[in-house]
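Structure file data.txt; described as compact mmCIF, C-alpha atoms and all ligand atoms.
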```
# COMPACT_ATOMS: atom_id res chain seq x y z
CA MET A 1 0.00 0.00 0.00
CA LEU A 2 1.34 3.40 -0.99
CA ARG A 3 -0.63 5.80 1.17
CA VAL A 4 -3.83 6.37 3.16
CA ALA A 5 -5.99 9.49 3.15
CA GLY A 6 -8.99 9.13 5.45
CA PRO A 7 -11.29 6.38 4.12
CA LEU A 8 -9.29 6.07 0.89
CA ALA A 9 -5.96 4.46 0.10
CA GLU A 10 -3.69 4.17 -2.89
CA VAL A 11 -2.44 0.66 -3.61
CA ALA A 12 -0.02 -0.76 -6.16
CA ASP A 13 0.24 -4.17 -7.76
CA ALA A 14 1.67 -5.57 -10.98
CA SER A 15 -1.02 -3.84 -13.04
CA GLY A 16 -0.34 -0.36 -11.64
CA THR A 17 -1.66 1.91 -8.90
CA ARG A 18 -5.29 2.65 -8.03
CA GLU A 19 -7.52 4.15 -5.38
CA VAL A 20 -9.47 1.85 -3.06
CA ARG A 21 -11.57 2.22 0.10
CA LEU A 22 -10.86 0.91 3.58
CA ALA A 23 -13.39 -1.56 4.96
CA PRO A 24 -15.12 -0.11 8.04
CA ARG A 25 -13.65 -1.55 11.27
CA LEU A 26 -10.73 -3.11 9.38
CA PRO A 27 -8.93 -5.38 11.91
CA GLY A 28 -5.55 -3.92 12.90
CA GLY A 29 -6.37 -0.79 10.89
CA PRO A 30 -5.97 1.80 9.69
CA PRO A 31 -3.24 0.54 7.37
CA VAL A 32 -0.10 2.64 6.86
CA ALA A 33 2.32 3.18 3.98
CA GLY A 34 4.23 -0.04 3.33
CA ASP A 35 1.42 -2.34 4.46
CA ILE A 36 0.60 -5.36 2.33
CA VAL A 37 -3.16 -5.58 2.01
CA VAL A 38 -5.83 -7.84 0.53
CA VAL A 39 -8.21 -5.96 -1.78
CA ASP A 40 -11.73 -7.19 -2.54
CA ASP A 41 -12.44 -6.22 -6.15
CA THR A 42 -16.00 -7.55 -6.49
CA GLY A 43 -17.69 -4.11 -6.24
CA THR A 44 -17.30 -0.97 -8.35
CA GLN A 45 -14.42 0.23 -6.17
CA GLY A 46 -11.87 -2.05 -4.51
CA ILE A 47 -12.08 -2.42 -0.71
CA ILE A 48 -9.19 -3.26 1.61
CA ARG A 49 -10.44 -6.27 3.63
CA GLU A 50 -7.27 -7.37 5.37
CA ILE A 51 -3.85 -6.14 6.44
CA LEU A 52 -1.27 -8.93 6.23
CA PRO A 53 1.05 -9.46 9.22
CA ARG A 54 3.77 -6.79 9.30
CA ARG A 55 7.38 -7.93 8.91
CA THR A 56 8.62 -4.69 10.49
CA ILE A 57 6.86 -1.75 12.10
CA LEU A 58 7.78 1.77 13.17
CA GLU A 59 5.56 2.93 16.02
CA ARG A 60 5.30 6.20 17.89
CA VAL A 61 3.05 7.73 20.49
CA GLY A 62 0.63 10.05 18.76
CA SER A 63 -1.84 12.61 20.01
CA GLY A 64 -3.90 11.42 22.95
CA GLY A 65 -1.08 9.10 24.07
CA ARG A 66 -2.13 6.32 21.70
CA VAL A 67 0.54 4.12 20.13
CA ARG A 68 0.24 4.26 16.37
CA ALA A 69 2.03 2.81 13.37
CA VAL A 70 3.96 5.23 11.15
CA VAL A 71 5.14 2.87 8.39
CA ALA A 72 5.19 -0.90 7.92
CA ASN A 73 7.50 -3.43 6.30
CA VAL A 74 10.43 -1.06 5.69
CA ASP A 75 13.95 -2.50 5.85
CA LEU A 76 15.74 0.70 6.78
CA LEU A 77 14.87 3.81 8.77
CA VAL A 78 16.86 6.80 7.53
CA VAL A 79 16.85 9.42 10.27
CA VAL A 80 17.36 12.78 8.61
CA ALA A 81 18.63 15.59 10.85
CA SER A 82 19.82 19.08 9.95
CA VAL A 83 23.08 20.46 11.34
CA ALA A 84 21.92 24.08 10.85
CA GLU A 85 18.21 25.08 10.86
CA PRO A 86 16.34 23.38 12.50
CA PRO A 87 19.18 22.70 14.95
CA LEU A 88 20.54 19.22 15.57
CA VAL A 89 18.86 17.30 18.43
CA PRO A 90 21.26 14.37 18.99
CA ARG A 91 18.97 12.44 21.34
CA LEU A 92 16.14 12.44 18.81
CA ILE A 93 18.34 10.16 16.69
CA ASP A 94 18.65 7.78 19.66
CA ARG A 95 14.88 7.68 20.13
CA TYR A 96 14.45 6.71 16.48
CA ALA A 97 17.15 4.05 16.91
CA VAL A 98 15.24 2.47 19.81
CA ALA A 99 11.98 2.50 17.83
CA ALA A 100 13.72 1.02 14.76
CA VAL A 101 15.33 -1.86 16.66
CA ALA A 102 12.06 -2.56 18.50
CA GLY A 103 10.30 -2.83 15.14
CA GLY A 104 12.96 -4.94 13.40
CA ILE A 105 14.27 -2.12 11.20
CA ASP A 106 17.91 -1.17 10.40
CA LEU A 107 18.98 2.42 11.06
CA GLY A 108 20.95 4.93 8.99
CA VAL A 109 21.63 8.58 9.78
CA VAL A 110 21.81 11.42 7.25
CA LEU A 111 22.95 14.83 8.49
CA THR A 112 21.86 17.57 6.06
CA LYS A 113 22.54 21.32 5.59
CA ALA A 114 26.30 20.92 6.10
CA ASP A 115 26.59 23.60 3.36
CA LEU A 116 25.26 26.13 5.92
CA PRO A 117 27.23 27.48 8.91
CA HIS A 118 27.19 24.89 11.71
CA ASP A 119 28.99 23.58 14.79
CA ALA A 120 31.42 21.18 13.12
CA GLN A 121 32.65 19.85 16.45
CA LEU A 122 29.15 18.83 17.58
CA VAL A 123 28.43 17.27 14.18
CA GLY A 124 31.70 15.32 14.31
CA GLN A 125 30.86 14.07 17.80
CA VAL A 126 27.33 12.99 16.85
CA ALA A 127 28.60 11.24 13.71
CA SER A 128 31.35 9.37 15.55
CA LEU A 129 29.05 8.25 18.41
CA GLN A 130 26.47 6.94 15.93
CA ARG A 131 29.16 5.18 13.88
CA ALA A 132 30.59 3.63 17.07
CA ALA A 133 27.08 2.31 17.76
CA GLY A 134 27.22 0.63 14.35
CA HIS A 135 24.96 2.91 12.31
CA PRO A 136 26.08 4.27 8.93
CA VAL A 137 26.23 8.10 8.97
CA LEU A 138 26.31 10.48 5.99
CA VAL A 139 26.92 14.23 6.16
CA GLY A 140 26.29 16.73 3.35
CA SER A 141 23.71 18.83 1.56
CA ALA A 142 20.40 17.45 0.33
CA HIS A 143 20.87 19.67 -2.73
CA ASP A 144 24.21 17.98 -3.53
CA PRO A 145 24.02 14.97 -5.92
CA ILE A 146 26.98 13.43 -4.07
CA LEU A 147 24.96 13.08 -0.85
CA VAL A 148 21.92 11.87 -2.80
CA GLU A 149 23.97 9.06 -4.39
CA GLU A 150 25.43 8.15 -0.99
CA VAL A 151 21.90 7.89 0.41
CA ARG A 152 20.90 5.73 -2.56
CA ALA A 153 23.84 3.42 -1.81
CA MET A 154 22.86 3.33 1.89
CA ILE A 155 19.34 2.22 0.90
CA ASP A 156 20.89 -0.33 -1.48
CA GLY A 157 17.73 -1.46 -3.26
CA ARG A 158 15.72 -1.83 -0.04
CA VAL A 159 12.58 -0.06 1.16
CA ALA A 160 13.52 2.89 3.36
CA ALA A 161 11.50 5.38 5.37
CA LEU A 162 12.86 8.91 5.77
CA ALA A 163 11.97 10.37 9.17
CA GLY A 164 12.95 13.36 11.29
CA GLN A 165 11.99 16.88 12.30
CA SER A 166 10.13 19.17 9.97
CA GLY A 167 12.34 21.10 7.55
CA VAL A 168 15.41 18.83 7.62
CA GLY A 169 15.23 17.91 3.92
CA LYS A 170 13.33 14.60 3.76
CA SER A 171 11.21 15.66 0.80
CA THR A 172 14.19 17.31 -0.91
CA LEU A 173 16.06 13.99 -0.71
CA THR A 174 12.97 12.00 -1.76
CA THR A 175 12.51 14.13 -4.88
CA ALA A 176 16.20 13.72 -5.79
CA LEU A 177 16.14 9.95 -5.15
CA THR A 178 12.91 9.15 -7.00
CA GLY A 179 12.49 11.88 -9.61
CA VAL A 180 8.96 12.38 -8.25
CA ALA A 181 8.40 15.97 -7.13
CA ARG A 182 7.52 16.25 -3.45
CA ALA A 183 6.38 19.54 -1.94
CA THR A 184 9.21 21.19 -0.03
CA GLY A 185 8.90 24.28 2.12
CA GLU A 186 10.89 27.16 3.53
CA VAL A 187 11.81 26.57 7.15
CA SER A 188 11.09 30.14 8.25
CA GLU A 189 7.58 30.03 6.76
CA ARG A 190 6.94 26.71 8.41
CA LEU A 191 8.08 27.85 11.85
CA ARG A 192 5.81 30.88 11.60
CA SER A 193 2.77 28.91 10.57
CA GLY A 194 3.64 25.87 12.67
CA ARG A 195 2.67 23.66 9.74
CA HIS A 196 4.60 20.83 8.18
CA THR A 197 5.03 20.66 4.45
CA THR A 198 4.60 16.90 4.17
CA THR A 199 1.43 15.51 5.72
CA ASP A 200 0.83 12.38 3.64
CA PRO A 201 3.49 9.68 4.04
CA ARG A 202 3.79 8.03 0.65
CA LEU A 203 5.81 5.11 -0.66
CA ILE A 204 7.60 6.01 -3.89
CA PRO A 205 9.64 3.48 -5.91
CA MET A 206 13.16 4.49 -6.95
CA PRO A 207 14.28 4.01 -10.53
CA GLY A 208 16.77 1.15 -10.43
CA GLY A 209 15.23 -0.56 -7.40
CA GLY A 210 14.10 0.00 -3.86
CA ALA A 211 11.66 2.60 -2.59
CA VAL A 212 11.42 5.44 -0.13
CA ILE A 213 8.61 6.57 2.14
CA ASP A 214 8.74 10.31 2.77
CA THR A 215 7.10 10.76 6.19
CA ALA A 216 5.66 13.88 7.83
CA GLY A 217 8.10 15.87 9.95
CA VAL A 218 7.75 15.56 13.71
CA ARG A 219 8.13 18.11 16.48
CA ALA A 220 8.94 15.35 18.95
CA PHE A 221 9.16 11.60 18.61
CA TRP A 222 7.89 9.72 21.67
CA LEU A 223 8.42 6.02 22.11
CA PRO A 224 5.73 3.49 22.97
CA PRO A 225 6.02 2.19 26.57
CA MET A 226 9.10 -0.02 26.83
CA GLU A 227 11.13 -1.93 29.40
CA PRO A 228 14.79 -0.92 30.05
CA ALA A 229 16.03 -3.97 28.09
CA GLY A 230 14.01 -2.89 25.05
CA ILE A 231 15.41 0.62 25.29
CA ALA A 232 18.97 -0.70 25.69
CA ALA A 233 18.53 -2.79 22.52
CA GLY A 234 18.44 0.49 20.58
CA PHE A 235 21.98 1.24 21.80
CA PRO A 236 24.16 -1.52 20.26
CA ASP A 237 27.26 -0.13 22.00
CA ILE A 238 25.50 -0.53 25.38
CA VAL A 239 24.35 -4.06 24.45
CA ARG A 240 27.97 -4.99 23.66
CA ALA A 241 29.38 -3.57 26.90
CA ALA A 242 26.52 -5.10 28.93
CA ARG A 243 27.95 -8.59 28.36
CA SER A 244 30.55 -7.66 30.99
CA CYS A 245 28.06 -6.36 33.59
CA ARG A 246 28.16 -8.42 36.79
CA PHE A 247 24.41 -9.16 36.76
CA PRO A 248 22.60 -10.35 33.63
CA ASP A 249 19.56 -8.23 34.52
CA CYS A 250 21.70 -5.09 35.01
CA ARG A 251 19.72 -1.97 34.06
CA HIS A 252 22.87 0.20 33.79
CA MET A 253 21.17 2.76 36.03
CA GLY A 254 23.92 2.77 38.66
CA ASP A 255 23.68 -0.98 39.40
CA ALA A 256 26.66 -2.64 41.12
CA GLY A 257 29.31 -4.08 38.78
CA CYS A 258 27.93 -2.29 35.70
CA ALA A 259 30.40 -2.37 32.80
CA VAL A 260 28.43 0.04 30.64
CA VAL A 261 29.38 3.09 32.68
CA ALA A 262 33.06 2.22 32.34
CA GLU A 263 33.06 1.37 28.63
CA VAL A 264 30.44 3.49 26.85
CA ASP A 265 30.58 7.23 26.09
CA PRO A 266 28.85 9.21 28.90
CA GLU A 267 26.52 10.98 26.44
CA ARG A 268 25.23 7.64 25.16
CA VAL A 269 24.66 6.37 28.69
CA ALA A 270 22.89 9.62 29.64
CA SER A 271 20.67 9.39 26.55
CA TYR A 272 19.75 5.78 27.41
CA ARG A 273 19.03 6.69 31.05
CA ALA A 274 16.84 9.63 30.03
CA LEU A 275 14.65 7.23 28.02
CA VAL A 276 14.43 4.74 30.89
CA ASP A 277 13.47 7.58 33.27
CA ALA A 278 10.87 8.89 30.81
CA ALA A 279 9.36 5.39 30.39
CA GLU A 280 9.21 5.00 34.16
CA SER A 281 7.49 8.33 34.74
CA VAL A 282 4.89 7.42 32.09
CA ARG A 283 4.28 4.12 33.91
CA ALA A 284 4.01 5.95 37.24
CA THR A 285 1.42 8.35 35.82
CA THR A 286 -0.70 5.57 34.34
CA ARG A 287 -0.66 3.73 37.70
CA GLU A 288 -1.98 6.75 39.61
N1 LIG B 301 20.99 24.74 2.32
C1 LIG B 301 20.30 23.61 2.40
N2 LIG B 301 18.94 23.64 2.35
C2 LIG B 301 18.27 22.47 2.44
C3 LIG B 301 18.95 21.22 2.62
N3 LIG B 301 18.00 20.25 2.70
C4 LIG B 301 16.80 20.86 2.60
N4 LIG B 301 16.96 22.20 2.44
C5 LIG B 301 15.88 23.19 2.33
O1 LIG B 301 15.14 23.15 3.57
C6 LIG B 301 13.75 23.38 3.32
C7 LIG B 301 12.92 22.23 3.88
O2 LIG B 301 13.19 21.04 3.16
P1 LIG B 301 12.09 19.88 2.99
O3 LIG B 301 12.69 18.86 2.07
O4 LIG B 301 10.77 20.44 2.63
O5 LIG B 301 12.02 19.34 4.49
P2 LIG B 301 11.12 18.14 5.07
O6 LIG B 301 12.02 17.38 5.97
O7 LIG B 301 10.48 17.38 3.98
O8 LIG B 301 10.03 18.92 5.95
P3 LIG B 301 8.53 18.42 6.38
O9 LIG B 301 7.84 17.94 5.14
O10 LIG B 301 7.89 19.62 6.97
O11 LIG B 301 8.73 17.35 7.38
C8 LIG B 301 13.61 23.54 1.80
O12 LIG B 301 13.62 24.93 1.51
C9 LIG B 301 14.87 22.87 1.25
O13 LIG B 301 15.27 23.40 0.00
C10 LIG B 301 20.39 21.23 2.66
O14 LIG B 301 21.05 20.21 2.83
N5 LIG B 301 21.00 22.45 2.56
MG MG B 302 8.53 16.97 3.60
ZN ZN B 303 25.16 -2.59 33.36
```

The structure given in the file should be rewritten as structure tokens.
Ligand SMILES: Nc1nc2c(ncn2[C@@H]2O[C@H](COP(=O)(O)OP(=O)(O)OP(=O)(O)O)[C@@H](O)[C@H]2O)c(=O)[nH]1
Ligand SMILES: [Mg+2]
Ligand SMILES: [Zn+2]
Amino acid sequence: MLRVAGPLAEVADASGTREVRLAPRLPGGPPVAGDIVVVDDTGTQGIIREILPRRTILERVGSGGRVRAVVANVDLLVVVASVAEPPLVPRLIDRYAVAAVAGGIDLGVVLTKADLPHDAQLVGQVASLQRAAGHPVLVGSAHDPILVEEVRAMIDGRVAALAGQSGVGKSTLTTALTGVARATGEVSERLRSGRHTTTDPRLIPMPGGGAVIDTAGVRAFWLPPMEPAGIAAGFPDIVRAARSCRFPDCRHMGDAGCAVVAEVDPERVASYRALVDAAESVRATTRE
């Protein structure tokens, strides 16, 4: 499935793309971009009757505190972050990493707007911490064909979702990768109006193989409720060091004999702990 807009969806199969309707009270619905669906074609307009089990899923907490799917069945989550305007929020990348691992998705990081004035030291630090965690990192300008070809190589014929804050260049990259024009917007205009340029996540095939889903920019990305072990799984460097912790159920929150504190960069440990604390305060509020 390519995209959903209210009761309608756009689907693709061997014969092309077409518009269909969602069945009312579709189990597991509504479907999201990347879903594989069963369409009933007996009426005048096709109806989505079933969403097939998802191989991977990216979930976030949406308005009203409900957990909702963003995209399904993607192989790679490309977190796009700007080094200039909007400013880089390093821990947002970590939150996406946790969500990606939880949903069975690989992670890549693309830092855009390096053609604009920026804090090169901070960017270097963020890139080296993410690389040490095992994620590929690219830095450049979304307007530069060199970065676009590097992103294409990172995707490597797979299905990738581009995610990140509003105005970081997701649609600019998507247009360059696919040749399909996506609306892009000026950051200043967007900040004034508070609106995001992209509102309809859409799966677009790339010439030569693979596909990208350009998702709507987020102001914040909140994780579904998760145990400390699930959060730690999003930090491969912490998982590696944790093999040397004295206790197998170590939470790396100041536990005795914890190897993580000794071996992993303090910023990574602090980012992990902030997520564990946030998950715990959510649990405490729901218990009240
Ligand atoms: N200088 C520079 N400008 C860029 C770069 N990437 C994107 N832009 C510009 O930043 C603005 C926002 O880019 P978009 O591609 O619309 O951003 P987006 O991530 O799709 O934003 P949303 O759809 O709101 O989530 C546009 O004016 C782009 O031309 C870059 O690497 N360098
Ligand atoms: Mg966009
Ligand atoms: Zn530990």

Taking the point (23.9, 28.2, 6.8) as given in the file, collect each protein or nucleic acid residue that comes within 10 Å of it, counting all atoms listed in the file, and present the set as an NGL selection string. :A and (83-85 or 113-118)

Using all atoms listed in the file, give me every residue within 9 Å of (3.4, -0.5, 3.7) in file coordinates, as a VMD selection string. chain A and resid 1 to 3 31 to 37 54 71 to 74 203 213

Would you mind listing the residues within 9 Å of ligand MG 302 (chain B), counting all atoms listed in the file, as a PDB file with C-alpha atoms, keeping the file's coordinate frame?
```pdb
ATOM      1  CA  SER A 166      10.130  19.170   9.970  1.00  0.00           C
ATOM      2  CA  GLY A 167      12.340  21.100   7.550  1.00  0.00           C
ATOM      3  CA  VAL A 168      15.410  18.830   7.620  1.00  0.00           C
ATOM      4  CA  GLY A 169      15.230  17.910   3.920  1.00  0.00           C
ATOM      5  CA  LYS A 170      13.330  14.600   3.760  1.00  0.00           C
ATOM      6  CA  SER A 171      11.210  15.660   0.800  1.00  0.00           C
ATOM      7  CA  THR A 172      14.190  17.310  -0.910  1.00  0.00           C
ATOM      8  CA  THR A 174      12.970  12.000  -1.760  1.00  0.00           C
ATOM      9  CA  ARG A 182       7.520  16.250  -3.450  1.00  0.00           C
ATOM     10  CA  ALA A 183       6.380  19.540  -1.940  1.00  0.00           C
ATOM     11  CA  THR A 184       9.210  21.190  -0.030  1.00  0.00           C
ATOM     12  CA  GLY A 185       8.900  24.280   2.120  1.00  0.00           C
ATOM     13  CA  HIS A 196       4.600  20.830   8.180  1.00  0.00           C
ATOM     14  CA  THR A 197       5.030  20.660   4.450  1.00  0.00           C
ATOM     15  CA  THR A 198       4.600  16.900   4.170  1.00  0.00           C
ATOM     16  CA  THR A 199       1.430  15.510   5.720  1.00  0.00           C
ATOM     17  CA  ASP A 200       0.830  12.380   3.640  1.00  0.00           C
ATOM     18  CA  PRO A 201       3.490   9.680   4.040  1.00  0.00           C
ATOM     19  CA  ASP A 214       8.740  10.310   2.770  1.00  0.00           C
ATOM     20  CA  THR A 215       7.100  10.760   6.190  1.00  0.00           C
ATOM     21  CA  ALA A 216       5.660  13.880   7.830  1.00  0.00           C
ATOM     22  CA  GLY A 217       8.100  15.870   9.950  1.00  0.00           C
TER      23      GLY A 217
END
```

Protein and nucleic acid residues within 12 Å of ligand ZN 303 (chain B) (only C-alpha atoms and all ligand atoms) as a PDB file with C-alpha atoms, keeping the file's coordinate frame:
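Okay, out03.pdb is ready:
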```pdb
ATOM      1  CA  PRO A 228      14.790  -0.920  30.050  1.00  0.00           C
ATOM      2  CA  ALA A 229      16.030  -3.970  28.090  1.00  0.00           C
ATOM      3  CA  ALA A 232      18.970  -0.700  25.690  1.00  0.00           C
ATOM      4  CA  ASP A 237      27.260  -0.130  22.000  1.00  0.00           C
ATOM      5  CA  ILE A 238      25.500  -0.530  25.380  1.00  0.00           C
ATOM      6  CA  VAL A 239      24.350  -4.060  24.450  1.00  0.00           C
ATOM      7  CA  ARG A 240      27.970  -4.990  23.660  1.00  0.00           C
ATOM      8  CA  ALA A 241      29.380  -3.570  26.900  1.00  0.00           C
ATOM      9  CA  ALA A 242      26.520  -5.100  28.930  1.00  0.00           C
ATOM     10  CA  ARG A 243      27.950  -8.590  28.360  1.00  0.00           C
ATOM     11  CA  SER A 244      30.550  -7.660  30.990  1.00  0.00           C
ATOM     12  CA  CYS A 245      28.060  -6.360  33.590  1.00  0.00           C
ATOM     13  CA  ARG A 246      28.160  -8.420  36.790  1.00  0.00           C
ATOM     14  CA  PHE A 247      24.410  -9.160  36.760  1.00  0.00           C
ATOM     15  CA  PRO A 248      22.600 -10.350  33.630  1.00  0.00           C
ATOM     16  CA  ASP A 249      19.560  -8.230  34.520  1.00  0.00           C
ATOM     17  CA  CYS A 250      21.700  -5.090  35.010  1.00  0.00           C
ATOM     18  CA  ARG A 251      19.720  -1.970  34.060  1.00  0.00           C
ATOM     19  CA  HIS A 252      22.870   0.200  33.790  1.00  0.00           C
ATOM     20  CA  MET A 253      21.170   2.760  36.030  1.00  0.00           C
ATOM     21  CA  GLY A 254      23.920   2.770  38.660  1.00  0.00           C
ATOM     22  CA  ASP A 255      23.680  -0.980  39.400  1.00  0.00           C
ATOM     23  CA  ALA A 256      26.660  -2.640  41.120  1.00  0.00           C
ATOM     24  CA  GLY A 257      29.310  -4.080  38.780  1.00  0.00           C
ATOM     25  CA  CYS A 258      27.930  -2.290  35.700  1.00  0.00           C
ATOM     26  CA  ALA A 259      30.400  -2.370  32.800  1.00  0.00           C
ATOM     27  CA  VAL A 260      28.430   0.040  30.640  1.00  0.00           C
ATOM     28  CA  VAL A 261      29.380   3.090  32.680  1.00  0.00           C
ATOM     29  CA  ALA A 262      33.060   2.220  32.340  1.00  0.00           C
ATOM     30  CA  GLU A 263      33.060   1.370  28.630  1.00  0.00           C
ATOM     31  CA  VAL A 264      30.440   3.490  26.850  1.00  0.00           C
ATOM     32  CA  VAL A 269      24.660   6.370  28.690  1.00  0.00           C
ATOM     33  CA  TYR A 272      19.750   5.780  27.410  1.00  0.00           C
ATOM     34  CA  ARG A 273      19.030   6.690  31.050  1.00  0.00           C
TER      35      ARG A 273
END
```

Within 12 Å of Pro24 in chain A using only C-alpha atoms, minus same-chain residues under 4 positions, as a ChimeraX atom specification: /A:6-8,28-31,47-50

What are the centre and the three edge lengths of an axis-aligned box that wraps all atoms of ligand LIG 301 (chain B) in the file, given that 6 Å is added to every side, written as JSON and rounded to one decimal in Å?
```
{"center_x": 14.4, "center_y": 21.1, "center_z": 3.7, "size_x": 25.2, "size_y": 19.6, "size_z": 19.4}
```

In Å to one decimal, how far is CA of Val137 in chain A from CA of Val151 in chain A?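 Pair CA of Val151 in chain A / CA of Val137 in chain A returns 9.6 Å.
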
Might you pull out every residue within 9 Å of range 121-133 of chain A, with all atoms listed in the file counted and same-chain residues fewer than 3 positions away left off, and present them as a ChimeraX atom specification? /A:83,88,90,93-94,109,111,118,136-139,235-238,265,267-268

Of the candidates A:Ala220, A:Ala181, A:Val282, A:Leu173, which shows the shortest atom-to-atom distance to ligand LIG 301 (chain B), using all atoms listed in the file? A:Leu173

Point-to-point distance from CA of Ala81 in chain A to CA of Ala9 in chain A, Å rounded to tenths: 29.1 Å

So how far away is CA of Ala153 in chain A from atom P1 of ligand LIG 301 (chain B), in Å?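 CA of Ala153 in chain A lies 20.8 Å from atom P1 of ligand LIG 301 (chain B).
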
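Closest approach to Ile57 in chain A among A:Gly103, A:Gly164, A:Gly230, A:Pro266 is made by A:Gly103 (distances from only C-alpha atoms).
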
Nearest to ligand LIG 301 (chain B) by atom-to-atom distance, counting all atoms listed in the file, from A:Asp41, A:Asp119, A:Asp144, A:Asp13: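 Ranking A:Asp41, A:Asp119, A:Asp144, A:Asp13 by distance to ligand LIG 301 (chain B), first place goes to A:Asp144.
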
Do you know which residues are at most 12 Å from Arg66 in chain A counting only C-alpha atoms, after dropping those on the same chain fewer than 2 positions away, and could you put them as number ranges by chain? A: 59-64, 68-69, 222-225
